[in-house]
>>> print(open('run-v9.tsv').read())   # TSV, C-alpha atoms and all ligand atoms
chain	number	residue	atom	x	y	z
A	1	MET	CA	103.48	78.50	129.83
A	2	LEU	CA	105.47	78.40	126.60
A	3	GLU	CA	106.99	81.77	125.73
A	4	SER	CA	107.07	81.33	122.02
A	5	ILE	CA	107.19	78.55	119.55
A	6	ALA	CA	109.38	78.39	116.46
A	7	MET	CA	109.82	76.64	113.13
A	8	ILE	CA	112.56	76.51	110.53
A	9	ASN	CA	111.67	75.31	107.04
A	10	GLY	CA	108.51	73.71	108.41
A	11	ASP	CA	110.15	71.86	111.34
A	12	PHE	CA	109.60	72.80	114.97
A	13	VAL	CA	112.67	74.00	116.88
A	14	ASP	CA	113.34	75.65	120.19
A	15	VAL	CA	113.25	79.41	119.62
A	16	ASN	CA	116.68	79.69	121.28
A	17	ASP	CA	118.34	77.00	119.16
A	18	PRO	CA	121.14	78.35	116.93
A	19	VAL	CA	119.54	77.08	113.73
A	20	VAL	CA	120.53	79.89	111.35
A	21	THR	CA	124.08	80.02	110.08
A	22	MET	CA	126.37	83.06	110.12
A	23	GLU	CA	126.33	83.41	106.35
A	24	ASP	CA	122.58	83.53	106.00
A	25	ARG	CA	121.99	86.54	103.74
A	26	GLY	CA	119.20	87.75	105.96
A	27	TYR	CA	121.73	88.10	108.74
A	28	GLN	CA	124.43	89.71	106.60
A	29	PHE	CA	122.46	91.87	104.14
A	30	GLY	CA	118.89	91.96	105.42
A	31	ASP	CA	118.27	90.04	102.18
A	32	GLY	CA	114.80	88.70	102.89
A	33	VAL	CA	111.16	89.48	103.47
A	34	TYR	CA	108.70	89.06	106.33
A	35	GLU	CA	105.06	89.13	107.40
A	36	VAL	CA	103.29	89.54	110.72
A	37	THR	CA	99.83	88.03	111.20
A	38	HIS	CA	97.50	88.66	114.14
A	39	VAL	CA	95.93	85.68	115.91
A	40	TYR	CA	92.51	86.09	117.50
A	41	ASN	CA	90.67	83.22	119.17
A	42	GLY	CA	93.22	80.74	117.85
A	43	ARG	CA	92.77	81.84	114.21
A	44	CYS	CA	94.88	83.98	111.89
A	45	PHE	CA	93.11	87.13	110.73
A	46	ALA	CA	93.41	88.09	107.03
A	47	LEU	CA	96.01	85.36	106.43
A	48	GLN	CA	95.39	85.15	102.68
A	49	TRP	CA	96.08	88.89	102.25
A	50	HIS	CA	99.38	88.48	104.10
A	51	ILE	CA	100.35	85.50	101.97
A	52	ASP	CA	99.55	87.42	98.77
A	53	ARG	CA	101.80	90.26	99.90
A	54	LEU	CA	104.54	87.80	100.96
A	55	PHE	CA	104.67	86.34	97.45
A	56	ARG	CA	104.70	89.82	95.92
A	57	SER	CA	107.67	90.80	98.15
A	58	LEU	CA	109.50	87.60	97.14
A	59	ARG	CA	108.89	88.30	93.44
A	60	GLU	CA	110.11	91.89	93.76
A	61	LEU	CA	113.39	90.66	95.28
A	62	ALA	CA	113.67	87.64	92.92
A	63	ILE	CA	113.77	85.24	95.88
A	64	PRO	CA	112.40	81.88	94.68
A	65	GLY	CA	109.15	80.94	96.41
A	66	ILE	CA	110.01	77.38	97.40
A	67	TYR	CA	106.82	76.84	99.41
A	68	THR	CA	103.32	77.01	98.02
A	69	PRO	CA	100.77	79.39	99.55
A	70	GLU	CA	98.96	76.27	100.81
A	71	GLU	CA	102.08	75.11	102.66
A	72	ILE	CA	102.46	78.56	104.23
A	73	VAL	CA	98.86	78.25	105.49
A	74	GLU	CA	99.67	74.77	106.88
A	75	PHE	CA	102.73	76.07	108.73
A	76	HIS	CA	100.61	78.79	110.36
A	77	GLN	CA	98.04	76.17	111.37
A	78	ALA	CA	100.74	73.87	112.75
A	79	LEU	CA	102.06	76.69	114.95
A	80	LEU	CA	98.54	77.44	116.19
A	81	ASP	CA	97.80	73.77	116.87
A	82	LYS	CA	101.04	73.00	118.66
A	83	SER	CA	101.13	76.17	120.76
A	84	GLY	CA	97.46	76.26	121.67
A	85	PHE	CA	97.85	80.06	121.87
A	86	LYS	CA	94.56	81.87	121.34
A	87	GLU	CA	95.87	85.43	121.07
A	88	GLY	CA	99.14	86.68	119.69
A	89	GLY	CA	101.13	87.13	116.54
A	90	ILE	CA	102.91	84.97	114.01
A	91	TYR	CA	106.13	86.31	112.53
A	92	LEU	CA	107.36	84.77	109.29
A	93	GLN	CA	110.54	85.56	107.39
A	94	ILE	CA	112.13	84.16	104.28
A	95	THR	CA	115.74	84.98	103.48
A	96	ARG	CA	117.52	84.32	100.20
A	97	GLY	CA	119.51	81.64	102.05
A	98	THR	CA	123.09	80.86	103.00
A	99	ALA	CA	126.15	81.33	100.80
A	100	PRO	CA	129.68	82.77	101.05
A	101	ARG	CA	129.27	86.56	101.30
A	102	THR	CA	129.02	88.34	97.94
A	103	HIS	CA	126.73	91.26	97.20
A	104	HIS	CA	125.19	89.82	94.03
A	105	PHE	CA	122.80	86.87	94.24
A	106	PRO	CA	124.72	83.59	94.73
A	107	GLU	CA	124.17	80.95	92.02
A	108	GLN	CA	123.19	78.09	94.29
A	109	VAL	CA	121.22	79.20	97.26
A	110	VAL	CA	118.13	77.82	98.98
A	111	PRO	CA	115.77	80.26	100.72
A	112	CYS	CA	115.33	79.83	104.46
A	113	LEU	CA	111.92	80.13	106.13
A	114	THR	CA	111.69	80.83	109.85
A	115	MET	CA	108.51	81.42	111.81
A	116	THR	CA	107.74	82.23	115.43
A	117	MET	CA	104.49	82.54	117.28
A	118	ARG	CA	104.28	84.66	120.42
A	119	PRO	CA	101.31	84.80	122.73
A	120	GLY	CA	99.94	88.29	123.22
A	121	ASP	CA	97.42	90.06	125.30
A	122	ARG	CA	95.20	92.73	123.80
A	123	THR	CA	94.54	94.67	127.02
A	124	GLN	CA	97.31	97.26	126.52
A	125	GLY	CA	96.31	97.79	122.90
A	126	GLU	CA	92.64	98.15	123.84
A	127	LEU	CA	93.43	100.87	126.36
A	128	MET	CA	95.52	102.73	123.82
A	129	ARG	CA	92.92	102.38	121.08
A	130	ASP	CA	90.39	103.82	123.47
A	131	LYS	CA	92.29	106.89	124.57
A	132	GLY	CA	94.35	107.49	121.42
A	133	ALA	CA	98.07	107.83	120.76
A	134	LYS	CA	100.53	110.70	120.85
A	135	ILE	CA	102.90	110.64	117.92
A	136	ILE	CA	105.80	112.67	116.54
A	137	THR	CA	107.16	113.35	113.05
A	138	VAL	CA	110.63	112.30	111.88
A	139	PRO	CA	112.46	112.63	108.55
A	140	ASP	CA	111.80	109.67	106.25
A	141	ILE	CA	115.33	108.40	105.66
A	142	ARG	CA	114.34	105.03	104.18
A	143	TRP	CA	115.19	103.58	100.75
A	144	LEU	CA	112.89	103.99	97.73
A	145	ARG	CA	111.27	100.53	97.81
A	146	CYS	CA	109.20	100.79	100.98
A	147	ASP	CA	106.47	98.83	99.15
A	148	ILE	CA	108.52	95.64	99.68
A	149	LYS	CA	108.15	94.18	103.16
A	150	SER	CA	111.89	93.60	103.41
A	151	LEU	CA	113.95	92.85	106.49
A	152	ASN	CA	115.83	96.14	106.03
A	153	LEU	CA	114.14	98.20	108.71
A	154	LEU	CA	116.91	100.46	110.00
A	155	GLY	CA	115.16	103.69	108.98
A	156	ASN	CA	112.01	102.43	110.71
A	157	VAL	CA	113.96	101.28	113.77
A	158	LEU	CA	115.69	104.66	114.18
A	159	GLY	CA	112.37	106.50	113.74
A	160	LYS	CA	110.58	104.33	116.32
A	161	GLN	CA	113.45	104.83	118.77
A	162	LYS	CA	113.05	108.61	118.40
A	163	ALA	CA	109.36	108.20	119.19
A	164	LYS	CA	110.18	106.15	122.25
A	165	GLU	CA	112.70	108.71	123.48
A	166	ALA	CA	110.08	111.46	123.00
A	167	GLY	CA	107.54	109.46	125.03
A	168	ALA	CA	105.46	109.00	121.87
A	169	TYR	CA	103.73	105.90	120.55
A	170	GLU	CA	104.77	106.18	116.92
A	171	ALA	CA	106.71	108.41	114.53
A	172	VAL	CA	105.19	109.44	111.23
A	173	GLN	CA	107.79	109.91	108.53
A	174	VAL	CA	108.18	112.98	106.30
A	175	ARG	CA	110.17	112.95	103.04
A	176	ASP	CA	112.59	115.75	102.09
A	177	ASN	CA	109.93	117.33	99.86
A	178	GLY	CA	107.55	117.61	102.82
A	179	THR	CA	105.35	114.64	101.89
A	180	VAL	CA	104.00	112.72	104.89
A	181	THR	CA	104.34	109.01	104.07
A	182	GLU	CA	103.55	106.55	106.90
A	183	GLY	CA	104.43	105.47	110.42
A	184	THR	CA	107.54	103.42	111.15
A	185	SER	CA	105.37	100.31	111.50
A	186	SER	CA	101.96	101.57	110.41
A	187	ASN	CA	100.03	103.45	107.75
A	188	PHE	CA	98.80	106.99	108.46
A	189	TYR	CA	95.47	108.67	107.69
A	190	LEU	CA	93.62	111.96	108.14
A	191	VAL	CA	89.92	112.68	108.24
A	192	LYS	CA	89.05	116.19	107.11
A	193	ASP	CA	85.48	117.32	106.43
A	194	ASP	CA	84.44	113.64	106.51
A	195	VAL	CA	86.90	112.70	103.75
A	196	LEU	CA	89.58	110.09	104.43
A	197	TRP	CA	93.06	111.05	103.22
A	198	THR	CA	96.08	108.78	102.94
A	199	HIS	CA	99.32	108.51	100.96
A	200	PRO	CA	98.85	106.72	97.61
A	201	THR	CA	100.15	103.16	97.25
A	202	ASN	CA	103.49	103.55	95.53
A	203	ASN	CA	107.13	102.80	96.29
A	204	LEU	CA	107.18	105.16	99.29
A	205	ILE	CA	104.83	103.21	101.58
A	206	LEU	CA	103.98	99.65	102.48
A	207	ASN	CA	100.54	98.69	101.24
A	208	GLY	CA	99.35	97.49	104.64
A	209	VAL	CA	96.93	94.61	104.85
A	210	THR	CA	94.94	96.67	107.36
A	211	ARG	CA	95.07	99.58	104.88
A	212	ARG	CA	93.71	97.33	102.13
A	213	ILE	CA	90.91	96.11	104.39
A	214	LEU	CA	90.06	99.73	105.19
A	215	MET	CA	90.14	100.85	101.54
A	216	GLU	CA	88.45	97.81	100.01
A	217	LYS	CA	85.94	96.80	102.69
A	218	ILE	CA	85.39	99.35	105.45
A	219	ALA	CA	85.41	102.67	103.56
A	220	PRO	CA	82.87	101.46	100.95
A	221	SER	CA	80.64	99.95	103.66
A	222	LEU	CA	80.65	103.22	105.63
A	223	GLY	CA	80.17	105.29	102.47
A	224	LEU	CA	83.41	107.12	103.24
A	225	HIS	CA	84.98	109.18	100.49
A	226	VAL	CA	88.69	108.33	100.16
A	227	VAL	CA	91.43	110.49	98.66
A	228	GLU	CA	94.76	108.77	98.04
A	229	LYS	CA	96.99	111.79	97.50
A	230	THR	CA	100.17	113.11	99.03
A	231	PHE	CA	99.94	115.86	101.65
A	232	THR	CA	102.31	117.86	103.85
A	233	MET	CA	102.37	118.74	107.55
A	234	ASP	CA	100.61	122.06	106.79
A	235	PHE	CA	97.57	120.01	105.76
A	236	VAL	CA	97.95	117.63	108.70
A	237	LYS	CA	97.83	120.58	111.11
A	238	LYS	CA	94.33	121.47	109.84
A	239	THR	CA	92.90	117.96	110.07
A	240	ASP	CA	89.84	117.01	112.15
A	241	GLU	CA	91.03	113.48	112.92
A	242	ALA	CA	94.10	111.28	112.40
A	243	PHE	CA	94.79	107.61	112.93
A	244	LEU	CA	97.24	104.78	112.21
A	245	THR	CA	96.65	101.22	111.07
A	246	SER	CA	98.63	98.00	111.30
A	247	THR	CA	98.12	94.33	112.00
A	248	SER	CA	99.10	94.77	115.64
A	249	MET	CA	97.81	98.32	116.28
A	250	GLU	CA	94.55	97.69	114.35
A	251	ILE	CA	92.88	101.15	114.08
A	252	MET	CA	94.76	103.50	116.40
A	253	PRO	CA	93.42	107.04	116.91
A	254	VAL	CA	96.05	109.81	116.99
A	255	VAL	CA	95.30	112.57	119.49
A	256	SER	CA	98.44	114.68	119.19
A	257	ILE	CA	101.26	115.16	116.71
A	258	ASP	CA	104.50	116.81	117.84
A	259	ARG	CA	102.67	117.84	121.03
A	260	GLU	CA	99.91	119.68	119.15
A	261	ALA	CA	96.37	118.35	119.62
A	262	VAL	CA	94.61	116.79	116.64
A	263	GLY	CA	91.05	118.19	116.47
A	264	ASP	CA	89.78	118.44	120.04
A	265	GLY	CA	92.51	116.11	121.31
A	266	THR	CA	90.30	113.02	121.56
A	267	PRO	CA	89.66	110.16	119.10
A	268	GLY	CA	87.38	111.35	116.29
A	269	GLN	CA	83.92	110.09	115.40
A	270	VAL	CA	84.87	108.74	111.97
A	271	THR	CA	87.85	106.94	113.50
A	272	ARG	CA	85.49	105.38	116.06
A	273	LYS	CA	83.22	104.11	113.27
A	274	ILE	CA	86.19	102.61	111.44
A	275	GLN	CA	87.35	100.92	114.66
A	276	ALA	CA	83.91	99.37	115.14
A	277	ALA	CA	83.79	98.15	111.54
A	278	TYR	CA	87.24	96.59	111.90
A	279	GLN	CA	86.22	94.79	115.12
A	280	ALA	CA	83.14	93.46	113.31
A	281	LEU	CA	85.37	91.98	110.58
A	282	ILE	CA	87.58	90.30	113.20
A	283	GLN	CA	84.47	88.88	114.87
A	284	GLU	CA	83.14	87.59	111.58
A	285	GLU	CA	86.39	85.92	110.54
A	286	CYS	CA	87.79	84.64	113.85
A	287	TYR	CA	84.93	84.17	116.31
A	288	ARG	CA	82.17	82.58	114.25
A	301	LIG	N1	104.32	96.53	110.39
A	301	LIG	N2	103.89	100.42	107.14
A	301	LIG	C1	104.99	99.86	107.69
A	301	LIG	C2	106.31	100.53	107.48
A	301	LIG	C3	104.87	98.68	108.45
A	301	LIG	O1	105.96	98.12	108.98
A	301	LIG	C4	103.60	98.10	108.65
A	301	LIG	C5	103.40	96.83	109.42
A	301	LIG	C6	102.47	98.73	108.06
A	301	LIG	C7	101.08	98.18	108.22
A	301	LIG	O2	100.94	96.97	107.53
A	301	LIG	P1	99.88	95.86	107.98
A	301	LIG	O3	98.57	96.56	108.05
A	301	LIG	O4	99.95	94.86	106.90
A	301	LIG	O5	100.33	95.33	109.31
A	301	LIG	C8	102.67	99.88	107.31
A	301	LIG	C9	104.34	95.22	111.00
A	301	LIG	C10	103.14	94.92	111.82
A	301	LIG	C11	105.65	95.05	111.76
A	301	LIG	O6	106.68	95.41	111.21
A	301	LIG	O7	105.63	94.54	112.87
>>> encode(input="run-v9.tsv", output="structure tokens")
Amino acid sequence: MLESIAMINGDFVDVNDPVVTMEDRGYQFGDGVYEVTHVYNGRCFALQWHIDRLFRSLRELAIPGIYTPEEIVEFHQALLDKSGFKEGGIYLQITRGTAPRTHHFPEQVVPCLTMTMRPGDRTQGELMRDKGAKIITVPDIRWLRCDIKSLNLLGNVLGKQKAKEAGAYEAVQVRDNGTVTEGTSSNFYLVKDDVLWTHPTNNLILNGVTRRILMEKIAPSLGLHVVEKTFTMDFVKKTDEAFLTSTSMEIMPVVSIDREAVGDGTPGQVTRKIQAAYQALIQEECYR
């Protein structure tokens, strides 16, 4: 079976081919943006939301969008068609392009689009979503434009490594002023007295596609009251439920934080309802 399948600027390549040059600004500066889309039943879930965010990230970094949203959709479809993979993820990145190394934007530079599709199996995720995840907290050492899905992920990488070393699934990040922002690759939520709490969408978090689906579709359909306000760990310690969301994690219950149980130490009832609603949306979009 193929391990993964790759494309550069719309052309298929072997994923191990050395197609990117040394002076690509993504390689030297992390000067680029990315998206990750989940594939269910051979179809991309929420692709349009990812493409909208991709173009926003490009605009924020003044990287010219040299492909149309329609072409980006076609490239995703081409990867699905050629690979035949039914489950997995598509990774897409666009860098500013290749030029002799200078910090400022080069005058003549053409953005470079690379995409890979990897097959994936949901069994591990399903087990985890059923029993819930143990997480830790780490200082949020990232820059002040976390709203851009940029390739610069060192703060996130270091945080996730700390989680791994602690035997935890994820690390939730806390700013110097005590504000709890988000996971290293996920958004973070609390449920207290049947109210859903999460960090507001500003420069300190990524506005996750899964978060948007939760806020704009699931919460209204469940009649859930949502509060988008900052909170500290003192508040988190009193919560009834907690969970994370991302394209790959979906809706992940959190059962302990820094080794202290959340609620009764099992996934909460509201979290379970949100999980079911999310699965229903996947069914509707990818299995019908
Ligand atoms: N991560 N916050 C951060 C810092 C993230 O990296 C991600 C996604 C999210 C959730 O976004 P979404 O719901 O659109 O997946 C929030 C992706 C999956 C990754 O880096 O692999």
>>> residues_around(input="run-v9.tsv", residues="A:Thr271", least_positions_apart="6", cutoff="10 Å", atoms="all atoms listed in the file", output="PyMOL selection string")
chain A and resi 189-191+196+241-244+251-254+277
>>> residues_near_ligand(input="run-v9.tsv", ligand="ligand LIG 301 (chain A)", cutoff="9 Å", atoms="all atoms listed in the file", output="ChimeraX atom specification")
/A:34-38,49-50,53,91,146-147,149,153,156,182-188,205-213,244-250
>>> residues_around(input="run-v9.tsv", residues="A:Met115", least_positions_apart="6", cutoff="6 Å", atoms="all atoms listed in the file", output="VMD selection string")
chain A and resid 6 to 7 91 to 92
>>> atom_distance(input="run-v9.tsv", atom1="atom CA of A:Asp81", atom2="atom CA of A:Arg43")
9.9 Å
>>> atom_distance(input="run-v9.tsv", atom1="atom CA of A:Leu204", atom2="atom CA of A:Phe105")
24.6 Å
>>> closest_residue(input="run-v9.tsv", among="A:Ile257, A:Val39, A:Ile72, A:Leu144", to="A:Gly84", atoms="all atoms listed in the file")
A:Val39
>>> closest_residue(input="run-v9.tsv", among="A:Asn202, A:Val262, A:Leu224, A:Met233", to="A:Pro139", atoms="only C-alpha atoms")
A:Met233
>>> atom_distance(input="run-v9.tsv", atom1="atom CA of A:Leu47", atom2="atom CA of A:Val110")
24.5 Å
>>> closest_residue(input="run-v9.tsv", among="A:Val138, A:Leu113, A:Met215, A:Met128", to="A:Gln161", atoms="only C-alpha atoms")
A:Val138
>>> axis_aligned_box(input="run-v9.tsv", around="stretch 25-40 of chain A", padding_each_side="6 Å", output="JSON")
{"center_x": 108.5, "center_y": 88.8, "center_z": 109.8, "size_x": 43.9, "size_y": 18.3, "size_z": 27.3}
>>> residues_near_point(input="run-v9.tsv", point="(84.3, 82.7, 107.1)", cutoff="12 Å", atoms="all atoms listed in the file", output="PyMOL selection string")
chain A and resi 43-46+281-288
>>> closest_residue(input="run-v9.tsv", among="A:Asn152, A:Arg122, A:Glu71, A:Thr137", to="A:Gly32", atoms="all atoms listed in the file")
A:Asn152
